[in-house]
Amino acid sequence: MANLRTRGLLIAAAALAGAATTACGADGSSAPVGDPSDAYRAIAEMRAGSSLDALEPRRLVDALPNREIVVRTDAGDVAKGRFSDVVAAGRIVSVTPHEGIAYPDADPTAPGDEEAGVEVLAFDDPKAAARVALVALDVDWSAGEEVGRTLEFRLAVPAGIDPDRFLAGIRGIQDAVVLLDRDEAGRNKGAYRPILNAAGLGSVGVNGALSFDGVGAKELEFTAGMDTIEALRTAATRPPTTVQY
């Protein structure tokens, strides 16, 4: 969404040790499949180390696309928008390296500079300051913007970690739920990416239990009252409502 969306900063997370196992992915490929906790730990550490002062949903229900958020400033200004454009649940069928990005003439944290000075590289190019993977989800259900049976979204790899291990951990999630924001401008216009600096990618466990481990220490507060996939689907398909922040 345009007026509440904020760019995630590329902040280095602590390096992860160990290696992923090689197994068949959901698409039948032999791409390495690892432990999802490795990927979620990297996302949570990236968020914990970020100095970004951004408006974020306090609760999962507020992050749904049928929630319009109204923000009033001390000066009396009013901003309206949504934290996500789509929520979808399904099975991750592929996670593929997409591109590396360098900023030879720009500060990637400054508005506009990422378009003016970006250099697109191979995913594994050592000059890359950032890396992006493409994740494909076989959709069981979705709410918000209409999407197809296969939903693709961009996923930034946290800086300072083994990117291959991170991707293996994402493959290991398998049954997933994701809240997505669609880029409205720039070279990636129309592309989706998870909200909350990738922490909007969650997992669905036994008996439909929801986990958003990338949120970090505030996960229980974030999912309070909505900790199953059925509860989430029910809330996501209710009529639109407005929430004051």
# chains A, B, ... in the order shown; residues from 1 in each chain; ligands from 1
$ residues_around --residues "segment 173-184 of chain A" --least-positions-apart "4" --cutoff "9 Å" --atoms "only C-alpha atoms" --output "JSON, numbers by chain"
{"A": [1, 2, 5, 25, 26, 34, 35, 36, 37, 63, 64, 65, 82, 83, 84, 85, 86, 87, 88, 89, 90, 91, 92, 93, 137, 153, 169, 188, 189, 190, 191, 192, 193, 194, 195, 196, 199, 200, 201, 202, 203, 204, 205, 210, 229]}
$ select_by_dssp --residues "segment 31-218 of chain A" --states "helix (DSSP H, G or I)" --output "PyMOL selection string"
chain A and resi 36-48+60-63+113-116+163-171+206-208+213-218
$ write_last_selection --atoms "C-alpha atoms" --output "mmCIF file, in the first residue's frame"
data_model
loop_
_atom_site.group_PDB
_atom_site.id
_atom_site.type_symbol
_atom_site.label_atom_id
_atom_site.label_comp_id
_atom_site.auth_asym_id
_atom_site.auth_seq_id
_atom_site.Cartn_x
_atom_site.Cartn_y
_atom_site.Cartn_z
ATOM 1 C CA PRO A 36 12.778 -22.855 8.886
ATOM 2 C CA SER A 37 14.039 -21.628 12.255
ATOM 3 C CA ASP A 38 17.296 -20.557 10.567
ATOM 4 C CA ALA A 39 15.416 -18.261 8.204
ATOM 5 C CA TYR A 40 13.072 -16.916 10.858
ATOM 6 C CA ARG A 41 15.968 -16.235 13.218
ATOM 7 C CA ALA A 42 17.707 -14.203 10.528
ATOM 8 C CA ILE A 43 14.550 -12.169 9.867
ATOM 9 C CA ALA A 44 13.941 -11.546 13.580
ATOM 10 C CA GLU A 45 17.560 -10.498 14.166
ATOM 11 C CA MET A 46 17.442 -8.163 11.182
ATOM 12 C CA ARG A 47 14.316 -6.509 12.589
ATOM 13 C CA ALA A 48 15.764 -6.295 16.096
ATOM 14 C CA LEU A 60 -2.216 -9.591 13.086
ATOM 15 C CA VAL A 61 -5.862 -8.697 12.544
ATOM 16 C CA ASP A 62 -4.882 -5.073 11.824
ATOM 17 C CA ALA A 63 -2.461 -6.243 9.114
ATOM 18 C CA ASP A 113 18.059 6.549 -4.532
ATOM 19 C CA GLU A 114 17.420 2.843 -4.890
ATOM 20 C CA GLU A 115 15.958 3.478 -8.342
ATOM 21 C CA ALA A 116 18.479 6.073 -9.508
ATOM 22 C CA PRO A 163 22.000 -16.720 1.458
ATOM 23 C CA ASP A 164 21.795 -20.356 0.389
ATOM 24 C CA ARG A 165 21.064 -21.479 3.915
ATOM 25 C CA PHE A 166 18.414 -18.771 4.251
ATOM 26 C CA LEU A 167 16.671 -19.938 1.076
ATOM 27 C CA ALA A 168 16.854 -23.550 2.254
ATOM 28 C CA GLY A 169 15.142 -22.517 5.482
ATOM 29 C CA ILE A 170 12.349 -20.795 3.545
ATOM 30 C CA ARG A 171 11.835 -23.989 1.516
ATOM 31 C CA VAL A 206 -0.220 -28.941 13.458
ATOM 32 C CA ASN A 207 -3.995 -28.404 13.739
ATOM 33 C CA GLY A 208 -3.677 -25.155 11.775
ATOM 34 C CA ASP A 213 8.521 -16.365 14.238
ATOM 35 C CA GLY A 214 10.123 -13.570 12.204
ATOM 36 C CA VAL A 215 8.230 -11.007 14.290
ATOM 37 C CA GLY A 216 10.527 -11.885 17.173
ATOM 38 C CA ALA A 217 9.827 -11.121 20.823
ATOM 39 C CA LYS A 218 6.417 -9.600 20.107
#
$ atom_distance --atom1 "atom CA of Asp77 of chain A" --atom2 "atom CA of Tyr245 of chain A"
12.7 Å
$ atom_distance --atom1 "atom CA of Ala235 of chain A" --atom2 "atom CA of Asn197 of chain A"
22.8 Å
$ select_by_dssp --residues "segment 2-245 of chain A" --states "strand (DSSP E)" --output "PyMOL selection string"
chain A and resi 21-22+32-33+67-72+78-81+86-102+119-121+130-144+150-157+175-182+192-194+201-204+210-211+241-244
$ write_last_selection --atoms "C-alpha atoms" --output "PDB file, in the first residue's frame"
ATOM      1  CA  THR A  21      20.181 -30.824   4.090  1.00  0.00           C
ATOM      2  CA  THR A  22      19.482 -31.730   0.480  1.00  0.00           C
ATOM      3  CA  PRO A  32      18.367 -27.824  -0.496  1.00  0.00           C
ATOM      4  CA  VAL A  33      15.644 -27.856   2.161  1.00  0.00           C
ATOM      5  CA  ARG A  67      -8.559  -3.247   7.573  1.00  0.00           C
ATOM      6  CA  GLU A  68      -8.204   0.425   6.656  1.00  0.00           C
ATOM      7  CA  ILE A  69      -5.818   2.148   9.048  1.00  0.00           C
ATOM      8  CA  VAL A  70      -6.411   5.788   9.927  1.00  0.00           C
ATOM      9  CA  VAL A  71      -3.529   7.741  11.457  1.00  0.00           C
ATOM     10  CA  ARG A  72      -3.959  11.211  12.929  1.00  0.00           C
ATOM     11  CA  VAL A  78      -4.870  12.322   8.526  1.00  0.00           C
ATOM     12  CA  ALA A  79      -3.335   9.414   6.593  1.00  0.00           C
ATOM     13  CA  LYS A  80      -5.263   6.365   5.448  1.00  0.00           C
ATOM     14  CA  GLY A  81      -4.067   3.082   4.025  1.00  0.00           C
ATOM     15  CA  VAL A  86      -3.174  -9.668  -0.019  1.00  0.00           C
ATOM     16  CA  VAL A  87      -3.210 -12.423   2.572  1.00  0.00           C
ATOM     17  CA  ALA A  88      -2.759 -15.934   1.205  1.00  0.00           C
ATOM     18  CA  ALA A  89      -2.297 -19.436   2.580  1.00  0.00           C
ATOM     19  CA  GLY A  90      -0.909 -22.461   0.781  1.00  0.00           C
ATOM     20  CA  ARG A  91       2.199 -24.485   0.152  1.00  0.00           C
ATOM     21  CA  ILE A  92       5.579 -23.100  -0.853  1.00  0.00           C
ATOM     22  CA  VAL A  93       6.468 -24.894  -4.087  1.00  0.00           C
ATOM     23  CA  SER A  94       9.676 -23.131  -5.054  1.00  0.00           C
ATOM     24  CA  VAL A  95      12.262 -20.713  -3.688  1.00  0.00           C
ATOM     25  CA  THR A  96      14.750 -19.569  -6.329  1.00  0.00           C
ATOM     26  CA  PRO A  97      17.665 -17.109  -6.312  1.00  0.00           C
ATOM     27  CA  HIS A  98      16.662 -14.081  -8.384  1.00  0.00           C
ATOM     28  CA  GLU A  99      19.086 -11.166  -8.297  1.00  0.00           C
ATOM     29  CA  GLY A 100      21.772  -9.340  -6.416  1.00  0.00           C
ATOM     30  CA  ILE A 101      21.663  -5.576  -6.035  1.00  0.00           C
ATOM     31  CA  ALA A 102      24.458  -3.053  -5.554  1.00  0.00           C
ATOM     32  CA  GLU A 119      22.957  -1.996 -10.242  1.00  0.00           C
ATOM     33  CA  VAL A 120      21.387  -5.427 -10.827  1.00  0.00           C
ATOM     34  CA  LEU A 121      23.833  -8.327 -10.475  1.00  0.00           C
ATOM     35  CA  ALA A 130      21.384  -7.066  -1.186  1.00  0.00           C
ATOM     36  CA  ARG A 131      19.919 -10.265  -2.593  1.00  0.00           C
ATOM     37  CA  VAL A 132      16.380 -11.166  -3.595  1.00  0.00           C
ATOM     38  CA  ALA A 133      14.747 -14.564  -4.062  1.00  0.00           C
ATOM     39  CA  LEU A 134      11.461 -15.411  -5.749  1.00  0.00           C
ATOM     40  CA  VAL A 135       9.030 -17.542  -3.750  1.00  0.00           C
ATOM     41  CA  ALA A 136       6.090 -19.336  -5.380  1.00  0.00           C
ATOM     42  CA  LEU A 137       3.063 -20.297  -3.292  1.00  0.00           C
ATOM     43  CA  ASP A 138       0.429 -22.818  -4.400  1.00  0.00           C
ATOM     44  CA  VAL A 139      -2.597 -20.943  -3.039  1.00  0.00           C
ATOM     45  CA  ASP A 140      -5.296 -22.697  -1.031  1.00  0.00           C
ATOM     46  CA  TRP A 141      -7.162 -19.468  -0.308  1.00  0.00           C
ATOM     47  CA  SER A 142      -6.553 -15.742  -0.366  1.00  0.00           C
ATOM     48  CA  ALA A 143      -8.266 -12.465   0.513  1.00  0.00           C
ATOM     49  CA  GLY A 144      -7.721  -8.907  -0.647  1.00  0.00           C
ATOM     50  CA  THR A 150       0.199 -19.731  -8.045  1.00  0.00           C
ATOM     51  CA  LEU A 151       1.307 -16.567  -6.284  1.00  0.00           C
ATOM     52  CA  GLU A 152       4.868 -15.300  -6.668  1.00  0.00           C
ATOM     53  CA  PHE A 153       6.517 -12.779  -4.383  1.00  0.00           C
ATOM     54  CA  ARG A 154       9.946 -11.245  -3.846  1.00  0.00           C
ATOM     55  CA  LEU A 155      11.817 -12.021  -0.637  1.00  0.00           C
ATOM     56  CA  ALA A 156      14.871 -10.052   0.471  1.00  0.00           C
ATOM     57  CA  VAL A 157      17.704 -12.037   2.038  1.00  0.00           C
ATOM     58  CA  ASP A 175       2.764 -24.819   4.615  1.00  0.00           C
ATOM     59  CA  ALA A 176       2.728 -21.043   4.790  1.00  0.00           C
ATOM     60  CA  VAL A 177       0.612 -17.963   5.238  1.00  0.00           C
ATOM     61  CA  VAL A 178       1.810 -14.600   3.980  1.00  0.00           C
ATOM     62  CA  LEU A 179       0.688 -10.972   4.122  1.00  0.00           C
ATOM     63  CA  LEU A 180       1.866  -9.145   1.030  1.00  0.00           C
ATOM     64  CA  ASP A 181       2.281  -5.551  -0.061  1.00  0.00           C
ATOM     65  CA  ARG A 182       2.356  -4.705  -3.774  1.00  0.00           C
ATOM     66  CA  TYR A 192       4.519  -8.471  -4.122  1.00  0.00           C
ATOM     67  CA  ARG A 193       6.695  -8.760  -1.033  1.00  0.00           C
ATOM     68  CA  PRO A 194       5.947  -9.740   2.583  1.00  0.00           C
ATOM     69  CA  LEU A 201       5.705 -14.674   6.047  1.00  0.00           C
ATOM     70  CA  GLY A 202       4.410 -17.164   8.595  1.00  0.00           C
ATOM     71  CA  SER A 203       3.959 -20.912   8.862  1.00  0.00           C
ATOM     72  CA  VAL A 204       0.992 -23.202   9.471  1.00  0.00           C
ATOM     73  CA  LEU A 210      -0.097 -20.088  13.127  1.00  0.00           C
ATOM     74  CA  SER A 211       3.467 -18.968  13.763  1.00  0.00           C
ATOM     75  CA  THR A 241     -13.552  -2.021   8.699  1.00  0.00           C
ATOM     76  CA  THR A 242     -11.611   1.046   9.832  1.00  0.00           C
ATOM     77  CA  VAL A 243      -9.079   1.061  12.675  1.00  0.00           C
ATOM     78  CA  GLN A 244      -7.688   4.154  14.368  1.00  0.00           C
TER      79      GLN A 244
END
$ atom_distance --atom1 "atom CA of Ala231 of chain A" --atom2 "atom CA of Asn66 of chain A"
14.5 Å
$ closest_residue --among "A:Ala75, A:Phe123, A:Ala209, A:Ala159" --to "Glu230 of chain A" --atoms "only C-alpha atoms"
A:Ala209
